[in-house]
Structure formats: C-alpha cells, structure tokens
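K.L.:
I'm passing along my_file_18.cif; it holds mmCIF, C-alpha atoms and all ligand atoms.
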data_target
loop_
_atom_site.label_atom_id
_atom_site.label_comp_id
_atom_site.auth_asym_id
_atom_site.auth_seq_id
_atom_site.Cartn_x
_atom_site.Cartn_y
_atom_site.Cartn_z
CA MET A 1 55.67 -66.31 88.24
CA ASN A 2 58.27 -66.77 85.49
CA LYS A 3 60.60 -64.03 84.40
CA ILE A 4 58.74 -61.34 82.44
CA ALA A 5 59.60 -59.61 79.16
CA LEU A 6 57.71 -56.58 77.88
CA ILE A 7 58.04 -56.15 74.12
CA THR A 8 56.85 -53.01 72.33
CA GLY A 9 55.73 -53.39 68.72
CA ALA A 10 55.13 -57.13 69.13
CA SER A 11 52.61 -57.37 66.29
CA SER A 12 55.18 -57.75 63.50
CA GLY A 13 58.78 -58.36 62.48
CA ILE A 14 61.49 -58.24 65.15
CA GLY A 15 59.05 -57.71 68.03
CA GLU A 16 56.98 -60.73 67.05
CA ALA A 17 60.13 -62.84 66.65
CA CYS A 18 61.27 -61.74 70.13
CA ALA A 19 57.91 -62.87 71.52
CA HIS A 20 58.53 -66.36 70.08
CA VAL A 21 62.07 -66.60 71.43
CA PHE A 22 61.25 -65.33 74.94
CA ALA A 23 58.20 -67.63 75.11
CA ARG A 24 60.39 -70.56 74.10
CA GLU A 25 62.82 -69.62 76.87
CA GLY A 26 60.06 -69.75 79.49
CA TYR A 27 59.34 -66.04 79.97
CA SER A 28 55.89 -64.63 80.61
CA LEU A 29 55.18 -61.84 78.14
CA ILE A 30 53.59 -58.43 77.99
CA LEU A 31 52.93 -57.81 74.31
CA THR A 32 52.21 -54.24 73.29
CA GLY A 33 51.26 -52.60 70.01
CA ARG A 34 48.35 -50.95 68.26
CA GLN A 35 46.73 -53.98 66.60
CA SER A 36 44.75 -55.87 69.20
CA GLU A 37 43.61 -58.67 66.88
CA LYS A 38 47.15 -59.52 65.73
CA LEU A 39 48.47 -59.39 69.29
CA GLU A 40 45.66 -61.60 70.64
CA LYS A 41 46.29 -64.15 67.87
CA LEU A 42 50.01 -64.19 68.63
CA ALA A 43 49.27 -64.56 72.35
CA GLU A 44 46.96 -67.50 71.67
CA ALA A 45 49.52 -69.23 69.42
CA LEU A 46 52.32 -68.80 71.99
CA ASN A 47 50.09 -69.98 74.78
CA ILE A 48 49.26 -73.15 72.84
CA GLN A 49 52.87 -73.80 71.77
CA TYR A 50 54.71 -72.89 74.99
CA ASN A 51 51.99 -72.58 77.63
CA THR A 52 53.15 -68.96 78.01
CA GLU A 53 51.34 -66.54 80.33
CA ILE A 54 50.66 -63.42 78.28
CA ALA A 55 49.21 -59.98 78.93
CA VAL A 56 48.29 -57.96 75.85
CA SER A 57 48.32 -54.18 76.19
CA VAL A 58 47.05 -52.17 73.23
CA PHE A 59 48.11 -48.56 72.74
CA ASP A 60 49.77 -46.18 70.33
CA ILE A 61 53.23 -45.57 71.79
CA ARG A 62 53.11 -41.93 70.61
CA ASP A 63 50.26 -41.21 73.03
CA LYS A 64 51.90 -40.66 76.42
CA ALA A 65 48.64 -40.74 78.37
CA ALA A 66 47.70 -44.06 76.73
CA VAL A 67 51.15 -45.56 77.34
CA SER A 68 51.03 -44.56 80.96
CA HIS A 69 47.42 -45.64 81.56
CA ASN A 70 47.67 -49.00 79.81
CA LEU A 71 50.90 -49.98 81.52
CA GLU A 72 50.01 -48.69 84.98
CA VAL A 73 46.70 -50.63 85.04
CA LEU A 74 48.53 -53.94 84.68
CA PRO A 75 48.29 -56.06 87.84
CA GLU A 76 51.22 -55.58 90.25
CA ALA A 77 52.56 -59.09 89.55
CA TRP A 78 53.06 -58.11 85.89
CA LYS A 79 55.17 -55.10 86.88
CA LYS A 80 58.09 -57.32 87.91
CA VAL A 81 59.45 -56.89 84.39
CA ASP A 82 62.91 -58.40 83.88
CA VAL A 83 63.42 -57.39 80.25
CA LEU A 84 62.07 -54.43 78.28
CA VAL A 85 62.56 -54.68 74.52
CA ASN A 86 62.13 -51.14 73.15
CA ASN A 87 61.34 -52.28 69.63
CA ALA A 88 58.34 -50.29 68.29
CA GLY A 89 59.60 -48.03 65.53
CA LEU A 90 59.53 -47.21 61.88
CA SER A 91 60.96 -45.29 58.98
CA LYS A 92 58.59 -43.34 56.76
CA GLY A 93 59.68 -41.91 53.41
CA LEU A 94 63.14 -41.69 51.85
CA GLU A 95 63.56 -38.21 50.39
CA PRO A 96 66.14 -35.43 50.51
CA VAL A 97 65.52 -33.16 53.47
CA ASN A 98 64.16 -30.30 51.34
CA LEU A 99 61.45 -32.63 49.99
CA GLY A 100 60.62 -34.33 53.29
CA ASN A 101 57.10 -34.66 54.64
CA PHE A 102 56.29 -33.07 58.03
CA ASP A 103 53.83 -35.81 58.98
CA ASP A 104 56.41 -38.53 58.25
CA TRP A 105 58.97 -36.68 60.36
CA ASP A 106 56.53 -36.26 63.25
CA GLN A 107 55.59 -39.94 63.12
CA MET A 108 59.23 -41.11 63.22
CA ILE A 109 60.26 -38.68 65.96
CA ASP A 110 57.14 -39.34 68.05
CA THR A 111 57.46 -43.14 67.76
CA ASN A 112 61.18 -43.83 67.68
CA ILE A 113 62.29 -41.26 70.26
CA LYS A 114 59.36 -40.05 72.32
CA GLY A 115 57.48 -43.38 72.39
CA LEU A 116 60.63 -45.20 73.44
CA LEU A 117 61.07 -42.67 76.26
CA TYR A 118 57.46 -42.98 77.46
CA ALA A 119 57.72 -46.78 77.75
CA THR A 120 61.18 -46.56 79.30
CA LYS A 121 60.17 -44.09 82.01
CA ILE A 122 57.37 -46.29 83.27
CA VAL A 123 59.08 -49.66 83.02
CA SER A 124 62.45 -48.43 84.33
CA ASN A 125 60.65 -47.16 87.45
CA TRP A 126 59.27 -50.67 87.99
CA MET A 127 62.77 -52.05 87.48
CA VAL A 128 64.20 -49.59 90.00
CA ALA A 129 61.59 -50.76 92.52
CA ASN A 130 62.51 -54.40 91.76
CA GLY A 131 66.26 -53.70 91.93
CA ARG A 132 66.97 -55.41 88.62
CA GLY A 133 66.21 -55.40 84.90
CA HIS A 134 67.58 -55.25 81.39
CA ILE A 135 66.52 -52.76 78.72
CA VAL A 136 67.26 -53.63 75.10
CA ASN A 137 66.91 -50.71 72.69
CA LEU A 138 66.44 -51.35 68.98
CA GLY A 139 68.88 -48.99 67.35
CA SER A 140 70.01 -49.36 63.76
CA ILE A 141 72.99 -48.98 61.47
CA ALA A 142 71.11 -45.71 60.80
CA GLY A 143 72.03 -44.69 64.35
CA LYS A 144 75.72 -45.20 63.66
CA GLU A 145 76.03 -43.40 60.33
CA VAL A 146 73.83 -41.42 57.95
CA TYR A 147 72.93 -42.32 54.39
CA PRO A 148 71.42 -40.35 51.50
CA ASN A 149 67.76 -39.43 52.13
CA GLY A 150 67.79 -41.19 55.51
CA ASN A 151 67.98 -37.81 57.31
CA VAL A 152 65.21 -37.92 59.93
CA TYR A 153 65.13 -41.71 60.41
CA CYS A 154 68.90 -41.62 60.93
CA ALA A 155 68.47 -38.74 63.39
CA THR A 156 65.92 -40.70 65.42
CA LYS A 157 68.20 -43.73 65.61
CA HIS A 158 71.18 -41.52 66.54
CA ALA A 159 68.93 -40.29 69.37
CA VAL A 160 68.33 -43.91 70.41
CA ASP A 161 72.11 -44.42 70.39
CA ALA A 162 72.54 -41.42 72.71
CA LEU A 163 69.67 -42.47 74.97
CA ASN A 164 71.09 -45.98 75.18
CA LYS A 165 74.35 -44.58 76.56
CA ALA A 166 72.55 -42.11 78.84
CA MET A 167 70.14 -44.70 80.27
CA ARG A 168 73.04 -46.99 81.08
CA ILE A 169 74.63 -44.28 83.23
CA ASP A 170 71.40 -43.27 84.97
CA LEU A 171 70.23 -46.81 85.68
CA LEU A 172 73.60 -48.31 86.62
CA PRO A 173 73.16 -47.69 90.38
CA HIS A 174 69.88 -49.64 90.25
CA GLY A 175 71.37 -52.82 88.78
CA ILE A 176 69.64 -52.30 85.44
CA LYS A 177 71.55 -53.33 82.32
CA VAL A 178 71.08 -51.38 79.08
CA THR A 179 72.00 -52.66 75.62
CA ALA A 180 71.49 -51.40 72.08
CA VAL A 181 71.09 -53.88 69.24
CA ASN A 182 71.67 -52.15 65.91
CA PRO A 183 70.63 -54.13 62.83
CA GLY A 184 71.46 -53.57 59.18
CA ALA A 185 68.94 -54.80 56.60
CA VAL A 186 66.31 -57.11 58.11
CA GLU A 187 63.48 -58.26 55.85
CA THR A 188 60.29 -57.44 57.78
CA ASN A 189 57.41 -55.06 57.13
CA PHE A 190 59.91 -52.21 57.62
CA SER A 191 60.41 -51.29 53.93
CA ASN A 192 56.69 -51.61 53.16
CA ILE A 193 56.08 -48.99 55.81
CA ARG A 194 59.00 -46.84 54.63
CA PHE A 195 57.62 -46.89 51.07
CA LYS A 196 53.99 -46.53 52.19
CA GLY A 197 52.69 -49.82 50.79
CA ASP A 198 54.74 -49.83 47.55
CA THR A 199 55.56 -53.54 47.89
CA GLU A 200 57.55 -53.69 44.63
CA ARG A 201 59.91 -50.95 45.80
CA ALA A 202 60.11 -52.57 49.24
CA LYS A 203 61.03 -55.96 47.73
CA LYS A 204 63.88 -54.39 45.73
CA VAL A 205 65.65 -53.39 48.97
CA TYR A 206 66.39 -57.07 49.65
CA GLU A 207 67.05 -58.24 46.07
CA GLY A 208 70.30 -59.97 45.14
CA PHE A 209 71.56 -60.74 48.66
CA GLU A 210 70.45 -62.63 51.73
CA PRO A 211 69.07 -60.16 54.26
CA LEU A 212 68.77 -60.80 57.96
CA VAL A 213 65.41 -62.13 59.13
CA ALA A 214 63.60 -61.09 62.29
CA ALA A 215 64.60 -64.33 64.03
CA ASP A 216 68.31 -63.43 63.59
CA ILE A 217 67.73 -60.30 65.65
CA ALA A 218 65.51 -62.01 68.21
CA GLU A 219 68.13 -64.73 68.80
CA THR A 220 70.79 -61.99 69.18
CA ILE A 221 68.63 -60.17 71.72
CA TRP A 222 68.21 -63.45 73.57
CA PHE A 223 72.02 -63.93 73.54
CA VAL A 224 72.45 -60.45 75.02
CA VAL A 225 69.85 -61.01 77.72
CA SER A 226 71.06 -64.50 78.66
CA ARG A 227 74.68 -63.50 79.49
CA PRO A 228 75.77 -64.11 83.08
CA ALA A 229 74.69 -61.53 85.66
CA HIS A 230 78.11 -59.82 85.75
CA VAL A 231 78.25 -59.30 81.95
CA ASN A 232 76.62 -56.53 79.91
CA ILE A 233 76.85 -56.05 76.17
CA ASN A 234 76.61 -52.29 75.72
CA ASP A 235 76.17 -52.04 72.00
CA LEU A 236 75.95 -54.61 69.23
CA THR A 237 75.76 -53.96 65.49
CA ILE A 238 74.60 -56.86 63.33
CA MET A 239 74.54 -56.94 59.54
CA PRO A 240 73.84 -59.38 56.74
CA ALA A 241 77.17 -60.84 55.56
CA ALA A 242 76.50 -59.08 52.23
CA GLN A 243 76.26 -55.61 53.83
CA ALA A 244 79.25 -53.55 55.00
CA ASN A 245 77.57 -50.30 56.11
CA GLY A 246 74.34 -48.41 55.54
CA VAL A 247 74.73 -48.32 51.77
CA THR A 248 77.37 -50.86 50.69
CA PHE A 249 75.99 -54.23 49.61
CA VAL A 250 77.21 -57.07 47.42
CA ARG A 251 74.27 -58.00 45.19
CA LYS A 252 74.29 -60.90 42.73
N1 LIG B 1 63.94 -54.07 59.43
C1 LIG B 1 65.09 -53.44 59.43
O1 LIG B 1 65.85 -53.46 58.44
C2 LIG B 1 65.54 -52.69 60.67
C3 LIG B 1 66.88 -52.29 60.73
C4 LIG B 1 67.32 -51.60 61.85
C5 LIG B 1 66.45 -51.30 62.87
N2 LIG B 1 65.14 -51.69 62.78
C6 LIG B 1 64.24 -51.32 63.90
O2 LIG B 1 63.65 -52.48 64.43
C7 LIG B 1 62.40 -52.14 65.03
C8 LIG B 1 61.31 -53.10 64.54
O3 LIG B 1 61.14 -52.96 63.15
P1 LIG B 1 60.74 -54.16 62.18
O4 LIG B 1 61.79 -54.28 61.16
O5 LIG B 1 60.36 -55.35 62.97
O6 LIG B 1 59.47 -53.49 61.45
P2 LIG B 1 57.93 -53.91 61.39
O7 LIG B 1 57.77 -55.32 60.94
O8 LIG B 1 57.27 -52.83 60.59
O9 LIG B 1 57.45 -53.81 62.92
C9 LIG B 1 57.37 -52.57 63.58
C10 LIG B 1 56.56 -52.73 64.86
O10 LIG B 1 56.51 -51.44 65.51
C11 LIG B 1 55.15 -51.17 65.83
N3 LIG B 1 54.81 -49.76 65.83
C12 LIG B 1 55.06 -48.83 64.88
N4 LIG B 1 54.50 -47.66 65.21
C13 LIG B 1 53.90 -47.85 66.42
C14 LIG B 1 53.14 -47.02 67.29
N5 LIG B 1 52.90 -45.73 66.99
N6 LIG B 1 52.66 -47.54 68.44
C15 LIG B 1 52.89 -48.83 68.75
N7 LIG B 1 53.58 -49.68 67.97
C16 LIG B 1 54.08 -49.18 66.81
C17 LIG B 1 54.37 -51.86 64.73
O11 LIG B 1 53.04 -52.04 65.16
P3 LIG B 1 51.78 -51.83 64.17
O12 LIG B 1 51.48 -53.21 63.70
O13 LIG B 1 50.73 -51.26 65.08
O14 LIG B 1 52.20 -50.88 63.08
C18 LIG B 1 55.13 -53.17 64.61
O15 LIG B 1 54.73 -54.09 65.59
C19 LIG B 1 62.15 -50.67 64.68
O16 LIG B 1 62.52 -49.87 65.79
C20 LIG B 1 63.10 -50.42 63.50
O17 LIG B 1 63.46 -49.08 63.40
C21 LIG B 1 64.67 -52.39 61.72
#
Write out the structure in this file as structure tokens.
P.N.:
Amino acid sequence: MNKIALITGASSGIGEACAHVFAREGYSLILTGRQSEKLEKLAEALNIQYNTEIAVSVFDIRDKAAVSHNLEVLPEAWKKVDVLVNNAGLSKGLEPVNLGNFDDWDQMIDTNIKGLLYATKIVSNWMVANGRGHIVNLGSIAGKEVYPNGNVYCATKHAVDALNKAMRIDLLPHGIKVTAVNPGAVETNFSNIRFKGDTERAKKVYEGFEPLVAADIAETIWFVVSRPAHVNINDLTIMPAAQANGVTFVRK
C-alpha cells in the first residue's frame, strides 16, 4: 500500500485542498468529515484523476464515541497512517465576550480542541504501533495573538498551539513528528461559517487585498511533510503578503 494520509474536515477549504495535494503525491487517503455526499464526490474525483485509494469515514468530530467507532472499524491496513492533518475546525460569531453566544462557544471548543484531541488520541496510538508518523495541526494567527471580538476562537487556537508543543514532547520517543501550520486570512468557507451564512459580510473580509487560497496552505503542508526524515518544522505561520498580523492589512 502507498503512504497514507488521514485528513479531518476534508469536505471543504484547506482539508479538501490537502486531499488534492496528497493524492497528487501518491498517498492513499482517509477523508473524514460530516458530509458524506461531498466526501464521496471528492473521493470519486481523486480516484479518477490520480487513481487514489480512498476510505471515507463520516462522523462529527465533536462526538467522541463516533470518532472512536468510525476510525477503529477501518481495516488494519488503513491504520498504517503516515500523516494526520488535524484540520477540522471553525470560528462562529465575532462579538465582544459579554455578548457571546454559549452555543457558538461550545461548538468552537468542542470542535477545535476536543475534536482534535479525539482524532489525535486514536491516530497517534496507531502511529506509536507503527513507529513513525507526522501530525500536522491547523493552528492560526489567532493562536499566536488575540484580536478584538476573537476571544473564544483565539482561545481555541491558543490551545492548539499549546497542544502542538505538548504532543511533540510526548510523541518524540516514538519517532512521530508534530508541526503546526498557522495561517492568516485564507479565503474558504471559513468566514461564511463565522458570519452564519451572511455571505456579503464574509466577502468583505477579503476585499481590497489578495488573500491566501486553500491550495497555498495545502502546498505548505506538503512542504512540511516532505522534508527529509531528520528534519522537523515545529511551527510555521503563513500570511497573505498584504497582512502583517491578525488585524493589520493593506487594502486597496
Ligand atoms: N480560512 C482561514 O482564514 C483560516 C485561518 C487560520 C486557520 N484556519 C483553520 O483551518 C481549518 C480549516 O478551515 P477552512 O478555512 O478550510 O474552513 P472551511 O472551508 O469552513 O472547512 C472547515 C472544515 O472543517 C469541517 N468541520 C467543521 N466542524 C466539523 C465537525 N464538527 N466535525 C467534522 N468536521 C467538521 C468542515 O466540515 P463540514 O463540511 O461538515 O462543515 C469542513 O470540512 C480550521 O481549523 C480553521 O480554524 C482557517
């Protein structure tokens, strides 16, 4: 069997772009997410284009029993995962903390922190058994600094930053590399989700400058993963050239 990459949140944006890049590079893929139809369509397209072997596993990453069940039922051959891309995540709402919404907070914390941990526990155990592996965590510029109204999303990505460092220590003796890739503004479905379907408001986020696209991040993740065996990139922050930090942009 080829090398195997497991990508969480492969139905859209950065996860979907990673699926394309890893398929192009000859990996077999485990694509996970909630939307079975989208994932099956993507699997079919990648299979036609690259002859990629693909397993689709459908679950909500917030549901620890579902994560565990759906991953553990995969055939043993699929558990030789070389690369885990911990990508599934979201921001929901952009309000001052006193006006925040409990359900939005729960969703971000349960997905971005707890969901990432559920997938990591299972797949890192497989990697320990295999004596190798590379975990790539999708952090964010929001995990490096905080910005107005970003409160809980920033907190979840700061948690990813901490977990990235902690995992690297814990998994070092097992030959498992751990890397965080922390993007600035990437034009995906991200802002539509943050603004709950207000597409006009979402579009404005990217107006007047050239944002990153999902493929920029996927190619960066591929760069990280394709370094020689003795090299690990611990932490990589990547921004549009027109963005300096979480809030400073040059817009035309
Ligand atoms: N876009 C940016 O500017 C940016 C910047 C920094 C970091 N990031 C991070 O990059 C990652 C990917 O975001 P994106 O920009 O590609 O956004 P996106 O296009 O909205 O994709 C998010 C993906 O996460 C999945 N997901 C969300 N909640 C899930 C759940 N409960 N269970 C399973 N899958 C779930 C979505 O699946 P469904 O189709 O089922 O919703 C989708 O596949 C996130 O961790 C995000 O925080 C993005």
K.L.:
Which residues, written as a compact mmCIF listing (two decimals) with C-alpha atoms, keeping the file's coordinate frame, have at least one atom at most 7 Å from His174 of chain A, with only C-alpha atoms counted and residues fewer than 4 positions away on the same chain left out?
P.N.:
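part.txt, written as the output of this step:
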# COMPACT_ATOMS: atom_id res chain seq x y z
CA VAL A 128 64.20 -49.59 90.00
CA GLY A 131 66.26 -53.70 91.93
CA ARG A 132 66.97 -55.41 88.62
K.L.:
Find the residues of chain A that sit at most 6 Å from ligand LIG 1 (chain B); for each, write down the nearest two atoms and how far apart they are in Å, to one decimal. Count only C-alpha atoms and all ligand atoms. Sort by chain, then by number going up, and give it as JSON lines.
P.N.:
{"residue": "A:Gly9", "atom": "CA", "partner": "B:LIG1", "partner_atom": "O15", "distance": 3.4}
{"residue": "A:Ala10", "atom": "CA", "partner": "B:LIG1", "partner_atom": "O15", "distance": 4.7}
{"residue": "A:Ser11", "atom": "CA", "partner": "B:LIG1", "partner_atom": "O15", "distance": 4.0}
{"residue": "A:Ser12", "atom": "CA", "partner": "B:LIG1", "partner_atom": "O15", "distance": 4.2}
{"residue": "A:Gly13", "atom": "CA", "partner": "B:LIG1", "partner_atom": "O5", "distance": 3.4}
{"residue": "A:Ile14", "atom": "CA", "partner": "B:LIG1", "partner_atom": "O5", "distance": 3.8}
{"residue": "A:Gly15", "atom": "CA", "partner": "B:LIG1", "partner_atom": "O5", "distance": 5.7}
{"residue": "A:Gly33", "atom": "CA", "partner": "B:LIG1", "partner_atom": "N7", "distance": 4.3}
{"residue": "A:Arg34", "atom": "CA", "partner": "B:LIG1", "partner_atom": "O13", "distance": 4.0}
{"residue": "A:Gln35", "atom": "CA", "partner": "B:LIG1", "partner_atom": "O13", "distance": 5.1}
{"residue": "A:Asp60", "atom": "CA", "partner": "B:LIG1", "partner_atom": "N6", "distance": 3.7}
{"residue": "A:Ile61", "atom": "CA", "partner": "B:LIG1", "partner_atom": "N6", "distance": 3.9}
{"residue": "A:Arg62", "atom": "CA", "partner": "B:LIG1", "partner_atom": "N5", "distance": 5.3}
{"residue": "A:Asn87", "atom": "CA", "partner": "B:LIG1", "partner_atom": "O16", "distance": 4.7}
{"residue": "A:Ala88", "atom": "CA", "partner": "B:LIG1", "partner_atom": "O10", "distance": 3.5}
{"residue": "A:Gly89", "atom": "CA", "partner": "B:LIG1", "partner_atom": "O16", "distance": 3.5}
{"residue": "A:Leu90", "atom": "CA", "partner": "B:LIG1", "partner_atom": "O17", "distance": 4.6}
{"residue": "A:Thr111", "atom": "CA", "partner": "B:LIG1", "partner_atom": "N5", "distance": 5.3}
{"residue": "A:Leu138", "atom": "CA", "partner": "B:LIG1", "partner_atom": "O16", "distance": 5.3}
{"residue": "A:Gly139", "atom": "CA", "partner": "B:LIG1", "partner_atom": "C5", "distance": 5.6}
{"residue": "A:Ser140", "atom": "CA", "partner": "B:LIG1", "partner_atom": "C4", "distance": 4.0}
{"residue": "A:Asn182", "atom": "CA", "partner": "B:LIG1", "partner_atom": "C4", "distance": 6.0}
{"residue": "A:Pro183", "atom": "CA", "partner": "B:LIG1", "partner_atom": "C4", "distance": 4.3}
{"residue": "A:Gly184", "atom": "CA", "partner": "B:LIG1", "partner_atom": "C3", "distance": 5.0}
{"residue": "A:Ala185", "atom": "CA", "partner": "B:LIG1", "partner_atom": "O1", "distance": 3.8}
{"residue": "A:Val186", "atom": "CA", "partner": "B:LIG1", "partner_atom": "O1", "distance": 3.7}
{"residue": "A:Glu187", "atom": "CA", "partner": "B:LIG1", "partner_atom": "N1", "distance": 5.5}
{"residue": "A:Thr188", "atom": "CA", "partner": "B:LIG1", "partner_atom": "O7", "distance": 4.6}
{"residue": "A:Asn189", "atom": "CA", "partner": "B:LIG1", "partner_atom": "O7", "distance": 3.8}
{"residue": "A:Phe190", "atom": "CA", "partner": "B:LIG1", "partner_atom": "O8", "distance": 4.0}
K.L.:
Out of A:Glu44, A:Asp110, A:Glu219, A:Glu25, which residue has the shortest atom-to-atom distance to Lys64 of chain A when counting only C-alpha atoms?
P.N.:
A:Asp110
K.L.:
If we count only C-alpha atoms and set the cut-off at 12 Å, which residues sit around Gly143 of chain A, ignoring sequence neighbours fewer than 2 positions away in its own chain? Please answer as JSON, numbers by chain.
P.N.:
{"A": [112, 113, 137, 138, 139, 140, 141, 145, 146, 147, 150, 151, 152, 153, 154, 155, 156, 157, 158, 159, 160, 161, 162, 163, 164, 180, 181, 182, 183, 184, 235, 236, 237, 245, 246]}
K.L.:
Would you pick out the contacts of Tyr27 of chain A at 12 Å or less, using only C-alpha atoms, so that residues sharing its chain but fewer than 6 positions from it are not included, and give the list as a list in words?
P.N.:
Met1, Asn2, Lys3, Ile4, Ala5, Leu6, Ile7, Cys18, Ala19, His20, Val21, Leu46, Asn47, Tyr50, Asn51, Thr52, Glu53, Ile54, Ala55, Trp78, Lys80, Val81, Asp82, Val83, Trp222, Val225 and Ser226 of chain A
K.L.:
Report, in Å to a single decimal, how far apart atom CA of Tyr118 of chain A and atom CA of His134 of chain A are.
P.N.:
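Atom-to-atom, atom CA of His134 of chain A and atom CA of Tyr118 of chain A are spaced 16.4 Å apart.
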K.L.:
Would you list the residues near (77.1, -58.5, 48.6) (no more than 9 Å away, in the coordinates of the file, using only C-alpha atoms) as a PyMOL selection string?
P.N.:
chain A and resi 208-210+240-244+248-252
K.L.:
Determine the nearest neighbour of Ser191 of chain A from the options A:Leu94, A:Met239, A:Leu39, A:Leu74, counting all atoms listed in the file.
P.N.:
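Closest residue, counting all atoms listed in the file: A:Leu94.
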K.L.:
Have a look at A:Val123, A:Ile176, A:Ile238, A:Ile193 and name the one nearest to Ile217 of chain A; count only C-alpha atoms.
P.N.:
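The closest residue to Ile217 of chain A is A:Ile238.
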K.L.:
Quick one: distance from atom CA of Ser36 of chain A to atom CA of Ser57 of chain A in Å, one decimal?
P.N.:
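Computing the Euclidean distance for atom CA of Ser36 of chain A and atom CA of Ser57 of chain A yields 8.0 Å.
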K.L.:
Between atom CA of Ser91 of chain A and atom CA of Val205 of chain A, what is the distance, to one decimal in Å?
P.N.:
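Distance reported for this atom pair: 13.7 Å.
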K.L.:
With distances taken over only C-alpha atoms, which of A:Val56, A:Ala119, A:Ala142, A:Ile135 is nearest to Val178 of chain A?
P.N.:
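For Val178 of chain A, the nearest of the given residues is A:Ile135.
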K.L.:
Here is a test: counting all atoms listed in the file, which residue of A:Asn149, A:Asn70, A:Gln49, A:Thr32 is nearest to Arg194 of chain A?
P.N.:
A:Asn149
K.L.:
Out of A:Leu29, A:Val224, A:Ala17, A:Ile122, which residue has the shortest atom-to-atom distance to Glu72 of chain A when counting only C-alpha atoms?
P.N.:
A:Ile122
K.L.:
Extending 5 Å beyond the listed atoms of segment 94-98 of chain A on each side, what axis-aligned box results? I want centre and edge lengths in Å to one decimal, as lines of an AutoDock Vina configuration file.
P.N.:
center_x = 64.6
center_y = -36.0
center_z = 51.9
size_x = 13.0
size_y = 21.4
size_z = 13.1
